[in-house]
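Trainee: Before I ask anything, let me first share the structure, which is written out below as structure tokens.
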Amino acid sequence: MEDVTAALWGTRVSSGTISKLNQRIYGQIEEWRNRPIEGDFPYVYLDGVVLKRSWGGAVKNVSVLVAIGVGDDGFRRIPGIVEGTKEDKAGWSGFLRHLQARGLKGIRLVLSDACLGRKESIGDFYPDAEWQRCIVHFYRNVFSHVSRGRVKEVSRMLQAIHASEYLESARHKATEVEKKLRDMKLSSVADWLGSAWKRP
């Protein structure tokens, strides 16, 4: 760290000083993480991010659970972040319990991927909220079954579904896309897409 500070600022800062500064920053972070959440958040995005962290000379993966809320004023804020929790039902339940205890309320729609533990946890803590699958995660799931050379073509087909103005036209387009995928010898993708759009 002394080498880093010398490179950045032209002077060396002792490890003791850095440790004290870190303790002060960590205190501010903890205060922010546990602050009361004010106002309603009609829309909330939930996601998990895996980061690499060096700890004790070893690099390990650390899961970070994040909630991004859209308030009544239309602006996005981050109600909460928690580090070191697995993306399972227990992890998401603990995170949502923490958010609810701090005052997260007024949720009408939650957007996330289709992780089963996450969906179950949302129902446990916010039973009146609707759930919608995140389109970005949806596309990633589809592309994981498509060869790289066909990703752009399949992407345009999916975008045509989501560009539909009405639900019925979207379902009609999804049926067409499913058939076309079968014609392209992408039956597994067609099966997956068909089961996804036919879900309630």
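For the structure tokens, the naming scheme is as follows: chains receive sequential letters (A, B, ...) according to their order of presentation, residues are indexed from 1 within each chain, and ligands are indexed from 1 in presentation order.
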Excluding Arg133 (chain A) and its own-chain neighbours fewer than 5 positions away, which residues fall within 8 Å of it when counting only C-alpha atoms? Please give them as a VMD selection string.

Mentor: chain A and resid 111 to 114 138

Trainee: Store the residues of this selection in a file with N, CA and C atoms, as a PDB file, in the first residue's frame.

Mentor:
ATOM      1  N   LEU A 111     -38.285  -6.902 -10.203  1.00  0.00           N
ATOM      2  CA  LEU A 111     -37.671  -7.436 -11.415  1.00  0.00           C
ATOM      3  C   LEU A 111     -36.383  -8.161 -11.040  1.00  0.00           C
ATOM      4  N   SER A 112     -36.245  -9.396 -11.536  1.00  0.00           N
ATOM      5  CA  SER A 112     -35.048 -10.177 -11.236  1.00  0.00           C
ATOM      6  C   SER A 112     -34.949 -11.317 -12.234  1.00  0.00           C
ATOM      7  N   ASP A 113     -33.902 -12.123 -12.091  1.00  0.00           N
ATOM      8  CA  ASP A 113     -33.861 -13.326 -12.904  1.00  0.00           C
ATOM      9  C   ASP A 113     -34.783 -14.363 -12.278  1.00  0.00           C
ATOM     10  N   ALA A 114     -34.830 -15.545 -12.876  1.00  0.00           N
ATOM     11  CA  ALA A 114     -35.809 -16.544 -12.440  1.00  0.00           C
ATOM     12  C   ALA A 114     -35.255 -17.500 -11.394  1.00  0.00           C
ATOM     13  N   PHE A 138     -32.970 -12.939 -19.109  1.00  0.00           N
ATOM     14  CA  PHE A 138     -33.696 -13.818 -20.026  1.00  0.00           C
ATOM     15  C   PHE A 138     -32.876 -14.032 -21.302  1.00  0.00           C
TER      16      PHE A 138
END

Trainee: Give me every strand (DSSP E) residue in region 7-196 of chain A, going by DSSP on the backbone, as an MDAnalysis selection string.

Mentor: chainID A and resid 43:55 58:70 76:83 109:112 130:133

Trainee: Would you pick out the contacts of region 149-153 of chain A at 10 Å or less, using only C-alpha atoms, so that residues sharing its chain but fewer than 6 positions from it are not included, and give the list as a compact mmCIF listing (two decimals) with N, CA and C atoms, in the first residue's frame?

Mentor:
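Saved file part-v1.txt follows:
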# COMPACT_ATOMS: atom_id res chain seq x y z
N TYR A 139 -32.37 -12.93 -21.88
CA TYR A 139 -31.56 -13.03 -23.09
C TYR A 139 -30.30 -13.85 -22.84
N VAL A 142 -31.05 -17.51 -22.87
CA VAL A 142 -31.25 -18.00 -24.23
C VAL A 142 -29.92 -18.14 -24.96
N PHE A 143 -29.08 -17.11 -24.87
CA PHE A 143 -27.81 -17.11 -25.61
C PHE A 143 -26.86 -18.20 -25.14
N MET A 184 -34.54 -23.73 -37.60
CA MET A 184 -33.09 -23.49 -37.58
C MET A 184 -32.33 -24.59 -36.85

Trainee: Restricting the calculation to only C-alpha atoms, which member of A:Ile78, A:Val64, A:Ala101, A:Leu96 is positioned closest to Gly117 (chain A)?

Mentor: A:Leu96

Trainee: List as a short mmCIF file (atom, residue, chain, number, x, y, z; two decimals) with C-alpha atoms, in the first residue's frame the protein and nucleic acid residues near region 29-35 of chain A, meaning an atom at most 9 Å away when only C-alpha atoms are counted, but skip any in the same chain fewer than 5 places from it.

Mentor:
data_model
loop_
_atom_site.label_atom_id
_atom_site.label_comp_id
_atom_site.auth_asym_id
_atom_site.auth_seq_id
_atom_site.Cartn_x
_atom_site.Cartn_y
_atom_site.Cartn_z
CA ARG A 24 -13.41 5.17 9.42
CA PRO A 79 -31.81 0.78 -0.81
CA GLY A 80 -29.28 -1.86 0.13
CA ILE A 81 -26.26 -4.03 -0.57
CA VAL A 82 -25.04 -7.04 1.37
CA HIS A 98 -32.95 -6.60 6.42
CA LEU A 99 -34.49 -4.24 3.82
CA ARG A 102 -35.21 -0.74 7.58
#

Trainee: If we count only C-alpha atoms, what is near region 187-197 of chain A at a cut-off of 9 Å, once residues fewer than 3 positions away on the same chain are taken out, given as a list in words?

Mentor: Val142, Phe143, His145, Val146, Arg171, Ala174, Thr175, Val177, Glu178, Lys179, Lys180, Leu181, Arg182, Asp183, Met184 and Pro200 of chain A

Trainee: Mind dumping the selected residues with C-alpha atoms as an mmCIF file, in the first residue's frame?

Mentor:
data_model
loop_
_atom_site.group_PDB
_atom_site.id
_atom_site.type_symbol
_atom_site.label_atom_id
_atom_site.label_comp_id
_atom_site.auth_asym_id
_atom_site.auth_seq_id
_atom_site.Cartn_x
_atom_site.Cartn_y
_atom_site.Cartn_z
ATOM 1 C CA VAL A 142 -31.250 -18.004 -24.231
ATOM 2 C CA PHE A 143 -27.811 -17.106 -25.609
ATOM 3 C CA HIS A 145 -27.868 -22.314 -25.692
ATOM 4 C CA VAL A 146 -27.020 -20.579 -28.981
ATOM 5 C CA ARG A 171 -47.660 -14.201 -27.781
ATOM 6 C CA ALA A 174 -43.349 -15.740 -29.702
ATOM 7 C CA THR A 175 -45.152 -18.652 -31.397
ATOM 8 C CA VAL A 177 -40.174 -17.313 -33.237
ATOM 9 C CA GLU A 178 -40.494 -20.707 -31.574
ATOM 10 C CA LYS A 179 -41.358 -22.291 -34.942
ATOM 11 C CA LYS A 180 -38.507 -20.499 -36.694
ATOM 12 C CA LEU A 181 -36.043 -21.701 -34.052
ATOM 13 C CA ARG A 182 -37.139 -25.275 -34.725
ATOM 14 C CA ASP A 183 -36.606 -24.697 -38.447
ATOM 15 C CA MET A 184 -33.090 -23.486 -37.580
ATOM 16 C CA PRO A 200 -48.301 -17.290 -16.117
#

Trainee: Just to confirm, what's the straight-line distance from CA of Cys115 (chain A) to CA of Gly71 (chain A) in Å (one decimal)?

Mentor: 24.5 Å

Trainee: With only C-alpha atoms as the basis for distance, which of A:Ala160, A:Ala129, A:Ile107, A:Val136 is at the shortest distance from Tyr43 (chain A)?

Mentor: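 When distances to Tyr43 (chain A) are compared using only C-alpha atoms, the smallest one comes from A:Ile107.
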
Trainee: Grab the CA of Met157 (chain A) to CA of Leu186 (chain A) distance for me, in Å with one decimal place.

Mentor: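 Atom-to-atom, CA of Met157 (chain A) to CA of Leu186 (chain A), that is 13.1 Å.
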
Trainee: I need the alpha helix (DSSP H) residues of region 11-149 of chain A per DSSP on the backbone, written as a PyMOL selection string.

Mentor: chain A and resi 15-33+89-101+116-125+135-143
